[in-house]
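One structure is given below, encoded as C-alpha cells.
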Amino acid sequence: MIPMKILMVAAEYAGLVKTGGLADAVAGLGGALADAGHDVRVLVPAYARVTSPPARDRGRVGEGRLLEHDSPAGGPRLYRLDVPGLDAGSVYTGDDRDAVRFAHLAVAAHALGGVIGWRPDVLHCHDWHAALAPSLRSPVPTMLTVHNLGYQGVFPRSAVEGVGDFDAAFEADGRVNFLKAGLRAADLVTTVSPTYAREIRTPEYGMGLDGLLGDRGDDLVGILNGVDYRTWEPASDPLIHARYDAADPSGKRRAKASLRAERLPGSDAESPLVGMVSRLVFQKGVDLLIDALPGLLGRTRAGFVVLGSGDAALERTLEGMAAAHPDRIAFASGYDEPLAHRIYAGADLFLVPSRYEPCGLTQMYALRYGTIPVVRRTGGLADTVRHFDPGSGQGNGSVFEDADPGGLTWALERAIEWYGDPAAWPRLVRNAMTADFSWDRRVDAYEAAYRRVVSR
Ligand code: ADP
C-alpha cells in the first residue's frame with residue numbers, strides 16, 4: 001500500500017481529551033494507520049478546561065491559532081485549534097458555542113494544509129463535530145465516520161453564519177444539522193460496525209436520517225472499531241491491582257478481591273461481581289438495570305459495581321439504590337479512568353444493555369479482561385459478542401434480544417449459571433480473553449475506503 005496523507009478531524013482524542021468512546025476510536029485508528037506507514041495528522045479543538053502538554057504555535061487559522069504537539073515517534077501528529085471565548089465548565093458547552101467551535105474546526109480542516117505546508121490526500125471527519133467540513137468547497141476528498149447517529153448537532157443557522165461559507169449545509173427551516181450536511185456531502189460515509197450500518201437505514205434506528213442514509217447505497221460502509229491493546233491489556237495494565245493473561249488468569253482473582261474490598265466490602269466473596277462503566281443516558285439502557293435490580297437482588301447473590309455520569313435523575317436513583325443495599329450495590333458517579341480499569345479487571349460479568357450501540361468499546365475491553373459481557377443484540381454488540389453454548393463451548397458472552405428488564409434479567413441469570421459451572425466458566429473466560437479485536441485488523445478496510453475516496 002502506498003503511504004497516504006490522512007488528516008483526521010474530531011472533537012476528542014484519547015490522551016488529550018476524552019468523554020467517551022470517540023476519543024479511544026480516533027486515537028486507536030490513527031495510531032494503527034500510522035503504524036502501517038501512513039502520514040496521519042489529527043486536528044482537535046483546544047478546550048480551556050483540558051490541560052494539555054506544551055505545544056508550538058504554528059500561526060493563525062481564521063479566528064484561532066493552530067497549535068502543534070510533539071507526538072510520540074511514529075504516532076500521528078497532533079494539532080489543536082484554539083479559538084478563544086468558547087469555553088464552559090465542561091468539554092461540550094451544550095449551547096451555540098459548540099456550533100461556533102466546530103464550525104471553526106471545519107474551516108480550519110481545510111486551511112491547515114496551507115498553514116503547515118502539507119496537503120492531505122483524504123480529509124477524514126468524525127461525527128457531527130467535524131461534519132460541516134465536507135460541505136465546504138475543497139479539492140480534497142472527504143470521508144465521514146458516524147460514531148453515533150443520536151448526536152447530530154442541530155443549531156440555528158445564525159449560530160454559524162459568518163464563520164465560513166456553509167450555504168450548502170443550511171436547511172430550509174433556518175437550521176443547520178451538522179451531521180446531515182456531512183452525510184450528504186462526504187464522498188464516502190462509514191460507521192463503526194456492520195450491524196449498525198444496516199440498522200441505521202431503518203426508521204427504528206435512523207434517527208430521522210434513514211432515508212438519506214438509504215439513498216447513499218454502497219457509499220455507507222460499516223467497519224468495526226478496534227481496541228488499542230497497548231492501553232487495554234490486563235497483562236501490562238498499570239492501573240489494576242494484579243496483572244494476568246489468558247494463560248494464567250489467577251491474578252484476576254486478586255483483582256476481584258481488591259475491587260470488592262474497595263467498593264463492596266460487605267458482599268459475599270463467592271458470589272459473582274457485575275460491573276458497568278457507562279455514560280448514564282437512555283441509549284445505554286441504564287434504566288433497564290434500575291428496573292431489573294430489585295428482582296435481581298432477590299433472585300441472585302450477585303454484587304453490582306456501577307461507574308457512570310450523565311443524567312442527574314439516573315444518578316440519584318442509582319445512589320439511592322446503593323444506599324439501600326450497601327452490601328450488594330456500589331455506585332460511583334463521575335468520570336474515573338483508573339476505576340474503570342479496576343472494574344474491567346475485577347468484575348466477573350459486565351453489563352452493556354444498550355438500546356442502540358454503534359460499536360461499543362466497553363464490551364471489547366471487558367472481553368480482554370476475562371469479564372463476561374452481558375449485552376443486548378444490537379449494533380456492534382451483536383458483531384462482537386456471541387451467546388455462549390456450554391454444550392459446544394462456543395461463544396464469549398450472554399446476549400438478549402428485547403430492550404426490557406426481563407431480557408436483561410434472563411441474560412444475566414444465564415451468565416450467573418455459567419459462573420457457577422466449573423466445567424463451563426474457564427472455557428468461557430478463555431474464549432473471551434483470546435478474542436482479537438485489535439485495530440491492526442481494521443487497517444485494510446480503512447485503506448480500501450480511503451482508496452475509494454481518492455479515486456472519486
Ligand atoms: P460511548 O462512546 O457511547 O460512551 P463506548 O463504549 O464506545 O461508549 O466508549 C465508552 C468509553 O468511555 C470507554 O472507554 C469507557 O471505559 C469510557 N467511560 C464511560 N464512562 C466512563 C466513566 N464514568 N469513567 C471512566 N470511563 C468511562
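Residues are named by chain letter and number: chains run A, B, ... in the order of the C-alpha cells, numbers start at 1 in each chain, and ligands are numbered from 1 in the order shown.
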Residue contacts of range 267-276 of chain A (9 Å, only C-alpha atoms) excluding same-chain residues fewer than 5 positions away, as a ChimeraX atom specification: /A:256-257,260-261,300-308,326-329,340,343-344,346-352,362,371,416,419-420
For the residues selected in the previous step, produce a file with N, CA and C atoms as an mmCIF file, in the first residue's frame.
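Result written to again18.cif:
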data_model
loop_
_atom_site.group_PDB
_atom_site.id
_atom_site.type_symbol
_atom_site.label_atom_id
_atom_site.label_comp_id
_atom_site.auth_asym_id
_atom_site.auth_seq_id
_atom_site.Cartn_x
_atom_site.Cartn_y
_atom_site.Cartn_z
ATOM 1 N N LYS A 256 -10.256 -9.045 41.622
ATOM 2 C CA LYS A 256 -11.637 -9.052 42.115
ATOM 3 C C LYS A 256 -11.667 -8.782 43.620
ATOM 4 N N ALA A 257 -10.783 -9.432 44.348
ATOM 5 C CA ALA A 257 -10.774 -9.233 45.802
ATOM 6 C C ALA A 257 -10.514 -7.762 46.137
ATOM 7 N N ARG A 260 -13.637 -5.704 45.338
ATOM 8 C CA ARG A 260 -14.643 -5.957 46.362
ATOM 9 C C ARG A 260 -14.304 -5.181 47.650
ATOM 10 N N ALA A 261 -13.056 -5.283 48.067
ATOM 11 C CA ALA A 261 -12.640 -4.603 49.303
ATOM 12 C C ALA A 261 -12.822 -3.090 49.167
ATOM 13 N N THR A 300 -30.744 -13.545 42.696
ATOM 14 C CA THR A 300 -29.334 -13.929 42.593
ATOM 15 C C THR A 300 -28.582 -13.436 43.828
ATOM 16 N N ARG A 301 -27.315 -13.833 43.935
ATOM 17 C CA ARG A 301 -26.471 -13.336 45.030
ATOM 18 C C ARG A 301 -25.434 -12.357 44.506
ATOM 19 N N ALA A 302 -25.610 -11.914 43.262
ATOM 20 C CA ALA A 302 -24.597 -11.071 42.632
ATOM 21 C C ALA A 302 -24.457 -9.722 43.321
ATOM 22 N N GLY A 303 -23.236 -9.170 43.259
ATOM 23 C CA GLY A 303 -22.991 -7.792 43.656
ATOM 24 C C GLY A 303 -22.811 -6.929 42.409
ATOM 25 N N PHE A 304 -23.130 -5.659 42.510
ATOM 26 C CA PHE A 304 -23.098 -4.770 41.350
ATOM 27 C C PHE A 304 -22.214 -3.557 41.630
ATOM 28 N N VAL A 305 -21.270 -3.282 40.710
ATOM 29 C CA VAL A 305 -20.430 -2.088 40.825
ATOM 30 C C VAL A 305 -20.613 -1.271 39.554
ATOM 31 N N VAL A 306 -21.213 -0.092 39.704
ATOM 32 C CA VAL A 306 -21.541 0.742 38.547
ATOM 33 C C VAL A 306 -20.752 2.046 38.633
ATOM 34 N N LEU A 307 -20.119 2.413 37.509
ATOM 35 C CA LEU A 307 -19.439 3.706 37.390
ATOM 36 C C LEU A 307 -20.054 4.451 36.222
ATOM 37 N N GLY A 308 -20.484 5.688 36.468
ATOM 38 C CA GLY A 308 -21.030 6.438 35.356
ATOM 39 C C GLY A 308 -21.382 7.849 35.737
ATOM 40 N N PRO A 326 -26.102 -1.475 50.617
ATOM 41 C CA PRO A 326 -24.653 -1.208 50.544
ATOM 42 C C PRO A 326 -23.802 -2.464 50.399
ATOM 43 N N ASP A 327 -24.350 -3.634 50.727
ATOM 44 C CA ASP A 327 -23.562 -4.865 50.566
ATOM 45 C C ASP A 327 -23.762 -5.496 49.189
ATOM 46 N N ARG A 328 -24.671 -4.925 48.375
ATOM 47 C CA ARG A 328 -24.943 -5.529 47.065
ATOM 48 C C ARG A 328 -24.667 -4.580 45.901
ATOM 49 N N ILE A 329 -24.857 -3.272 46.140
ATOM 50 C CA ILE A 329 -24.752 -2.323 45.026
ATOM 51 C C ILE A 329 -23.804 -1.200 45.406
ATOM 52 N N ALA A 340 -12.386 2.735 36.164
ATOM 53 C CA ALA A 340 -12.923 1.961 35.035
ATOM 54 C C ALA A 340 -12.047 0.728 34.793
ATOM 55 N N ILE A 343 -12.592 -1.903 37.385
ATOM 56 C CA ILE A 343 -13.856 -2.635 37.207
ATOM 57 C C ILE A 343 -13.723 -3.663 36.074
ATOM 58 N N TYR A 344 -13.134 -3.257 34.935
ATOM 59 C CA TYR A 344 -12.946 -4.237 33.853
ATOM 60 C C TYR A 344 -12.201 -5.468 34.373
ATOM 61 N N GLY A 346 -11.718 -6.398 37.741
ATOM 62 C CA GLY A 346 -12.176 -7.021 38.975
ATOM 63 C C GLY A 346 -13.554 -7.657 38.904
ATOM 64 N N ALA A 347 -14.366 -7.284 37.910
ATOM 65 C CA ALA A 347 -15.701 -7.861 37.822
ATOM 66 C C ALA A 347 -15.645 -9.233 37.148
ATOM 67 N N ASP A 348 -16.686 -10.052 37.367
ATOM 68 C CA ASP A 348 -16.827 -11.328 36.657
ATOM 69 C C ASP A 348 -17.660 -11.141 35.393
ATOM 70 N N LEU A 349 -18.686 -10.293 35.512
ATOM 71 C CA LEU A 349 -19.610 -10.055 34.406
ATOM 72 C C LEU A 349 -19.675 -8.553 34.145
ATOM 73 N N PHE A 350 -19.998 -8.195 32.901
ATOM 74 C CA PHE A 350 -20.016 -6.774 32.550
ATOM 75 C C PHE A 350 -21.271 -6.478 31.732
ATOM 76 N N LEU A 351 -22.038 -5.493 32.182
ATOM 77 C CA LEU A 351 -23.330 -5.214 31.558
ATOM 78 C C LEU A 351 -23.263 -4.114 30.503
ATOM 79 N N VAL A 352 -23.826 -4.396 29.327
ATOM 80 C CA VAL A 352 -23.997 -3.364 28.295
ATOM 81 C C VAL A 352 -25.384 -3.541 27.672
ATOM 82 N N THR A 362 -16.745 -0.880 25.472
ATOM 83 C CA THR A 362 -16.601 -1.433 26.819
ATOM 84 C C THR A 362 -16.737 -2.959 26.816
ATOM 85 N N THR A 371 -13.779 -10.668 31.544
ATOM 86 C CA THR A 371 -15.015 -10.292 32.234
ATOM 87 C C THR A 371 -16.147 -10.461 31.232
ATOM 88 N N ILE A 416 -24.833 -16.063 35.155
ATOM 89 C CA ILE A 416 -24.564 -16.451 36.540
ATOM 90 C C ILE A 416 -24.578 -17.980 36.674
ATOM 91 N N TYR A 419 -21.276 -19.077 35.493
ATOM 92 C CA TYR A 419 -20.289 -18.731 36.537
ATOM 93 C C TYR A 419 -20.224 -19.838 37.583
ATOM 94 N N GLY A 420 -21.374 -20.443 37.870
ATOM 95 C CA GLY A 420 -21.421 -21.497 38.881
ATOM 96 C C GLY A 420 -21.086 -22.880 38.343
#
All residues 6 Å or closer to Arg243 in chain A, only C-alpha atoms, same chain fewer than 2 positions away omitted, as a count of residues only: 3
Surrounding residues as a PyMOL selection string, ligand 1, max 6 Å, only C-alpha atoms and all ligand atoms: chain A and resi 20-22+277-279+307-309+334-337+340+360-362
Could you save those same residues with N, CA, C and O atoms as a PDB file, in the first residue's frame?
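Full text of again-v3.pdb as output:
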ATOM      1  N   GLY A  20     -15.721   9.915  25.994  1.00  0.00           N
ATOM      2  CA  GLY A  20     -16.333   8.625  25.678  1.00  0.00           C
ATOM      3  C   GLY A  20     -15.529   7.888  24.618  1.00  0.00           C
ATOM      4  O   GLY A  20     -14.344   8.185  24.395  1.00  0.00           O
ATOM      5  N   GLY A  21     -16.186   6.938  23.972  1.00  0.00           N
ATOM      6  CA  GLY A  21     -15.507   6.036  23.050  1.00  0.00           C
ATOM      7  C   GLY A  21     -14.928   6.712  21.818  1.00  0.00           C
ATOM      8  O   GLY A  21     -13.973   6.203  21.226  1.00  0.00           O
ATOM      9  N   LEU A  22     -15.492   7.859  21.430  1.00  0.00           N
ATOM     10  CA  LEU A  22     -14.970   8.577  20.261  1.00  0.00           C
ATOM     11  C   LEU A  22     -13.464   8.807  20.398  1.00  0.00           C
ATOM     12  O   LEU A  22     -12.706   8.600  19.455  1.00  0.00           O
ATOM     13  N   VAL A 277     -19.670   0.271  33.254  1.00  0.00           N
ATOM     14  CA  VAL A 277     -18.984   1.563  33.104  1.00  0.00           C
ATOM     15  C   VAL A 277     -19.654   2.236  31.923  1.00  0.00           C
ATOM     16  O   VAL A 277     -19.562   1.739  30.801  1.00  0.00           O
ATOM     17  N   SER A 278     -20.339   3.344  32.175  1.00  0.00           N
ATOM     18  CA  SER A 278     -21.181   3.855  31.099  1.00  0.00           C
ATOM     19  C   SER A 278     -21.531   5.318  31.289  1.00  0.00           C
ATOM     20  O   SER A 278     -21.627   5.794  32.420  1.00  0.00           O
ATOM     21  N   ARG A 279     -21.738   6.004  30.176  1.00  0.00           N
ATOM     22  CA  ARG A 279     -22.466   7.255  30.262  1.00  0.00           C
ATOM     23  C   ARG A 279     -23.881   6.900  30.718  1.00  0.00           C
ATOM     24  O   ARG A 279     -24.457   5.905  30.253  1.00  0.00           O
ATOM     25  N   LEU A 307     -20.119   2.413  37.509  1.00  0.00           N
ATOM     26  CA  LEU A 307     -19.439   3.706  37.390  1.00  0.00           C
ATOM     27  C   LEU A 307     -20.054   4.451  36.222  1.00  0.00           C
ATOM     28  O   LEU A 307     -20.157   3.909  35.123  1.00  0.00           O
ATOM     29  N   GLY A 308     -20.484   5.688  36.468  1.00  0.00           N
ATOM     30  CA  GLY A 308     -21.030   6.438  35.356  1.00  0.00           C
ATOM     31  C   GLY A 308     -21.382   7.849  35.737  1.00  0.00           C
ATOM     32  O   GLY A 308     -21.484   8.187  36.913  1.00  0.00           O
ATOM     33  N   SER A 309     -21.558   8.661  34.701  1.00  0.00           N
ATOM     34  CA  SER A 309     -22.054  10.013  34.944  1.00  0.00           C
ATOM     35  C   SER A 309     -22.940  10.389  33.774  1.00  0.00           C
ATOM     36  O   SER A 309     -22.864   9.790  32.705  1.00  0.00           O
ATOM     37  N   GLY A 334     -19.362  10.068  38.276  1.00  0.00           N
ATOM     38  CA  GLY A 334     -18.229  10.848  37.797  1.00  0.00           C
ATOM     39  C   GLY A 334     -17.482  10.093  36.720  1.00  0.00           C
ATOM     40  O   GLY A 334     -17.884   8.998  36.314  1.00  0.00           O
ATOM     41  N   TYR A 335     -16.421  10.710  36.247  1.00  0.00           N
ATOM     42  CA  TYR A 335     -15.604  10.107  35.199  1.00  0.00           C
ATOM     43  C   TYR A 335     -14.277   9.717  35.825  1.00  0.00           C
ATOM     44  O   TYR A 335     -13.557  10.560  36.325  1.00  0.00           O
ATOM     45  N   ASP A 336     -13.947   8.446  35.851  1.00  0.00           N
ATOM     46  CA  ASP A 336     -12.787   7.969  36.601  1.00  0.00           C
ATOM     47  C   ASP A 336     -12.117   6.829  35.822  1.00  0.00           C
ATOM     48  O   ASP A 336     -12.519   5.669  35.912  1.00  0.00           O
ATOM     49  N   GLU A 337     -11.117   7.199  35.053  1.00  0.00           N
ATOM     50  CA  GLU A 337     -10.452   6.230  34.171  1.00  0.00           C
ATOM     51  C   GLU A 337      -9.783   5.091  34.973  1.00  0.00           C
ATOM     52  O   GLU A 337      -9.979   3.921  34.647  1.00  0.00           O
ATOM     53  N   ALA A 340     -12.386   2.735  36.164  1.00  0.00           N
ATOM     54  CA  ALA A 340     -12.923   1.961  35.035  1.00  0.00           C
ATOM     55  C   ALA A 340     -12.047   0.728  34.793  1.00  0.00           C
ATOM     56  O   ALA A 340     -12.544  -0.393  34.659  1.00  0.00           O
ATOM     57  N   GLY A 360     -19.591   0.264  20.468  1.00  0.00           N
ATOM     58  CA  GLY A 360     -19.399  -0.110  21.872  1.00  0.00           C
ATOM     59  C   GLY A 360     -17.983  -0.613  22.042  1.00  0.00           C
ATOM     60  O   GLY A 360     -17.543  -1.525  21.328  1.00  0.00           O
ATOM     61  N   LEU A 361     -17.266   0.012  22.958  1.00  0.00           N
ATOM     62  CA  LEU A 361     -15.901  -0.435  23.234  1.00  0.00           C
ATOM     63  C   LEU A 361     -15.845  -1.213  24.536  1.00  0.00           C
ATOM     64  O   LEU A 361     -15.025  -2.116  24.702  1.00  0.00           O
ATOM     65  N   THR A 362     -16.745  -0.880  25.472  1.00  0.00           N
ATOM     66  CA  THR A 362     -16.601  -1.433  26.819  1.00  0.00           C
ATOM     67  C   THR A 362     -16.737  -2.959  26.816  1.00  0.00           C
ATOM     68  O   THR A 362     -16.040  -3.635  27.574  1.00  0.00           O
TER      69      THR A 362
END
All residues 7 Å or closer to His387 in chain A, only C-alpha atoms, same chain fewer than 4 positions away omitted, as a list in words: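 My list of contacting residues is Gly395, Asn396, Gly397, Ser398 and Val399 of chain A.
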12 Å contact set for Ser138 in chain A, only C-alpha atoms, chain neighbours under 4 positions out, as a list in words: Ala106, Val107, Ala109, His110, Ala111, Gly113, Arg119, Pro120, Asp121, Val122, Leu123, Ala133, Pro134, Thr142, Asp165, Ala185, Ala186 and Asp187 of chain A
Residue contacts of Leu144 in chain A (7 Å, only C-alpha atoms) excluding same-chain residues fewer than 4 positions away, as a count of residues only: 9
Which of range 231-406 of chain A DSSP labels helix (DSSP H, G or I), written as a VMD selection string: chain A and resid 250 to 263 282 to 284 286 to 299 312 to 324 337 to 346 362 to 368 379 to 384 405 to 406
Shell of 12 Å around Arg56 in chain A, only C-alpha atoms, local chain residues under 2 positions omitted, as a list in words: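 The neighbour list is Ser52, Pro53, Pro54, Arg58, Gly59, Arg65, Leu66, Leu67, Glu68, His69, Asp70, Ser71, Leu78, Tyr79, Arg80, Leu81, Asp82 and Ile116 of chain A.
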Spatial neighbours of Leu280 in chain A, 7 Å, only C-alpha atoms, chain gap at least 3 places, as a list in words: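 Residues meeting the cut-off are Lys284, Val286, Gly308, Ser309, Gly310, Asp311 and Leu314 of chain A.
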Range 332-408 of chain A near range 424-441 of chain A within 8 Å: what's each residue's closest atom pair and its distance in Å to one decimal, counting only C-alpha atoms, ordered by chain then ascending residue number, as CSV?
residue,atom,partner,partner_atom,distance
A:Met364,CA,A:Phe437,CA,7.3
A:Leu367,CA,A:Ala432,CA,4.7
A:Arg368,CA,A:Met433,CA,4.5
A:Tyr369,CA,A:Met433,CA,6.3
A:Gly370,CA,A:Met433,CA,5.1
A:Thr371,CA,A:Val429,CA,7.1
A:Ile372,CA,A:Ala432,CA,6.9
A:Phe388,CA,A:Leu428,CA,7.2
A:Pro390,CA,A:Ala424,CA,5.8
A:Gly393,CA,A:Arg427,CA,6.7
A:Gln394,CA,A:Asn431,CA,7.7
A:Gly395,CA,A:Asn431,CA,6.9
A:Asn396,CA,A:Ala432,CA,5.0
A:Gly397,CA,A:Ala432,CA,7.5
Strand (DSSP E or B) residues, from DSSP on the backbone, in range 87-248 of chain A, as a ChimeraX atom specification: /A:122-126,142-146,154-156,161,164,170,175-177,188-191,220-222,227
Can those selected residues be exported to a file as a PDB file, in the first residue's frame so that it contains N, CA and C atoms?
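The new file out.pdb reads:
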ATOM      1  N   VAL A 122      -6.665  12.702   1.902  1.00  0.00           N
ATOM      2  CA  VAL A 122      -8.044  12.478   2.369  1.00  0.00           C
ATOM      3  C   VAL A 122      -8.278  13.287   3.634  1.00  0.00           C
ATOM      4  N   LEU A 123      -9.459  13.875   3.707  1.00  0.00           N
ATOM      5  CA  LEU A 123      -9.898  14.525   4.940  1.00  0.00           C
ATOM      6  C   LEU A 123     -10.918  13.587   5.594  1.00  0.00           C
ATOM      7  N   HIS A 124     -10.552  13.038   6.736  1.00  0.00           N
ATOM      8  CA  HIS A 124     -11.402  12.042   7.401  1.00  0.00           C
ATOM      9  C   HIS A 124     -12.053  12.676   8.634  1.00  0.00           C
ATOM     10  N   CYS A 125     -13.361  12.917   8.554  1.00  0.00           N
ATOM     11  CA  CYS A 125     -14.088  13.630   9.600  1.00  0.00           C
ATOM     12  C   CYS A 125     -14.835  12.640  10.490  1.00  0.00           C
ATOM     13  N   HIS A 126     -14.849  12.916  11.788  1.00  0.00           N
ATOM     14  CA  HIS A 126     -15.503  12.017  12.738  1.00  0.00           C
ATOM     15  C   HIS A 126     -16.687  12.713  13.419  1.00  0.00           C
ATOM     16  N   THR A 142     -13.359  13.720   0.845  1.00  0.00           N
ATOM     17  CA  THR A 142     -13.708  13.620   2.266  1.00  0.00           C
ATOM     18  C   THR A 142     -14.402  12.308   2.599  1.00  0.00           C
ATOM     19  N   MET A 143     -14.163  11.853   3.814  1.00  0.00           N
ATOM     20  CA  MET A 143     -14.856  10.688   4.346  1.00  0.00           C
ATOM     21  C   MET A 143     -15.415  11.092   5.716  1.00  0.00           C
ATOM     22  N   LEU A 144     -16.619  10.629   6.017  1.00  0.00           N
ATOM     23  CA  LEU A 144     -17.232  10.938   7.308  1.00  0.00           C
ATOM     24  C   LEU A 144     -17.524   9.631   8.028  1.00  0.00           C
ATOM     25  N   THR A 145     -17.042   9.500   9.254  1.00  0.00           N
ATOM     26  CA  THR A 145     -17.349   8.319  10.057  1.00  0.00           C
ATOM     27  C   THR A 145     -18.355   8.696  11.140  1.00  0.00           C
ATOM     28  N   VAL A 146     -19.471   7.949  11.155  1.00  0.00           N
ATOM     29  CA  VAL A 146     -20.520   8.174  12.150  1.00  0.00           C
ATOM     30  C   VAL A 146     -20.251   7.263  13.342  1.00  0.00           C
ATOM     31  N   VAL A 154     -27.630  20.079  15.882  1.00  0.00           N
ATOM     32  CA  VAL A 154     -28.647  20.903  15.218  1.00  0.00           C
ATOM     33  C   VAL A 154     -28.700  22.274  15.899  1.00  0.00           C
ATOM     34  N   PHE A 155     -28.536  23.329  15.108  1.00  0.00           N
ATOM     35  CA  PHE A 155     -28.454  24.689  15.639  1.00  0.00           C
ATOM     36  C   PHE A 155     -29.163  25.644  14.671  1.00  0.00           C
ATOM     37  N   PRO A 156     -29.528  26.838  15.163  1.00  0.00           N
ATOM     38  CA  PRO A 156     -29.985  27.860  14.212  1.00  0.00           C
ATOM     39  C   PRO A 156     -28.825  28.248  13.300  1.00  0.00           C
ATOM     40  N   GLU A 161     -23.341  31.199  10.763  1.00  0.00           N
ATOM     41  CA  GLU A 161     -23.223  32.097   9.613  1.00  0.00           C
ATOM     42  C   GLU A 161     -22.062  33.051   9.848  1.00  0.00           C
ATOM     43  N   GLY A 164     -17.943  30.586   8.088  1.00  0.00           N
ATOM     44  CA  GLY A 164     -17.459  30.047   6.810  1.00  0.00           C
ATOM     45  C   GLY A 164     -18.614  30.028   5.824  1.00  0.00           C
ATOM     46  N   PHE A 170     -27.181  24.509   4.951  1.00  0.00           N
ATOM     47  CA  PHE A 170     -28.357  25.049   5.640  1.00  0.00           C
ATOM     48  C   PHE A 170     -29.642  24.366   5.195  1.00  0.00           C
ATOM     49  N   ARG A 175     -32.356  26.129  10.001  1.00  0.00           N
ATOM     50  CA  ARG A 175     -31.400  25.497  10.913  1.00  0.00           C
ATOM     51  C   ARG A 175     -30.243  24.875  10.136  1.00  0.00           C
ATOM     52  N   VAL A 176     -29.258  24.451  10.891  1.00  0.00           N
ATOM     53  CA  VAL A 176     -28.179  23.668  10.300  1.00  0.00           C
ATOM     54  C   VAL A 176     -28.048  22.386  11.121  1.00  0.00           C
ATOM     55  N   ASN A 177     -28.005  21.253  10.421  1.00  0.00           N
ATOM     56  CA  ASN A 177     -27.796  19.954  11.056  1.00  0.00           C
ATOM     57  C   ASN A 177     -26.422  19.475  10.577  1.00  0.00           C
ATOM     58  N   LEU A 188     -17.574   9.540   0.983  1.00  0.00           N
ATOM     59  CA  LEU A 188     -17.887   8.203   1.499  1.00  0.00           C
ATOM     60  C   LEU A 188     -18.261   8.337   2.968  1.00  0.00           C
ATOM     61  N   VAL A 189     -19.230   7.518   3.390  1.00  0.00           N
ATOM     62  CA  VAL A 189     -19.651   7.534   4.794  1.00  0.00           C
ATOM     63  C   VAL A 189     -19.353   6.165   5.380  1.00  0.00           C
ATOM     64  N   THR A 190     -18.730   6.144   6.545  1.00  0.00           N
ATOM     65  CA  THR A 190     -18.579   4.864   7.229  1.00  0.00           C
ATOM     66  C   THR A 190     -19.209   4.973   8.604  1.00  0.00           C
ATOM     67  N   THR A 191     -19.544   3.817   9.163  1.00  0.00           N
ATOM     68  CA  THR A 191     -19.933   3.784  10.555  1.00  0.00           C
ATOM     69  C   THR A 191     -19.214   2.616  11.214  1.00  0.00           C
ATOM     70  N   LEU A 220     -22.291   3.860   2.044  1.00  0.00           N
ATOM     71  CA  LEU A 220     -22.321   3.746   3.505  1.00  0.00           C
ATOM     72  C   LEU A 220     -21.757   2.375   3.876  1.00  0.00           C
ATOM     73  N   VAL A 221     -20.641   2.391   4.585  1.00  0.00           N
ATOM     74  CA  VAL A 221     -19.895   1.161   4.862  1.00  0.00           C
ATOM     75  C   VAL A 221     -19.726   0.998   6.373  1.00  0.00           C
ATOM     76  N   GLY A 222     -19.896  -0.220   6.870  1.00  0.00           N
ATOM     77  CA  GLY A 222     -19.667  -0.469   8.302  1.00  0.00           C
ATOM     78  C   GLY A 222     -18.317  -1.133   8.533  1.00  0.00           C
ATOM     79  N   VAL A 227      -9.648  -2.250  19.282  1.00  0.00           N
ATOM     80  CA  VAL A 227      -9.194  -1.986  20.647  1.00  0.00           C
ATOM     81  C   VAL A 227      -7.699  -1.692  20.590  1.00  0.00           C
TER      82      VAL A 227
END
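In terms of minimum interatomic distance to Pro405 in chain A, A:Asp291 ranks closest within A:Asp291, A:Asp98, A:Glu204, A:Glu319, counting only C-alpha atoms.
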Separation of CA of Asp215 in chain A from CA of Pro194 in chain A in Å: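 Computing it gives 17.3 Å between the two atoms.
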Residue among A:Leu183, A:Met321, A:Ala10, A:Leu136 lying closest to Leu149 in chain A, counting only C-alpha atoms: A:Leu183
Between CA of Ala313 in chain A and CA of Asp287 in chain A, distance in Å (one decimal):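 So the answer is 10.2 Å.
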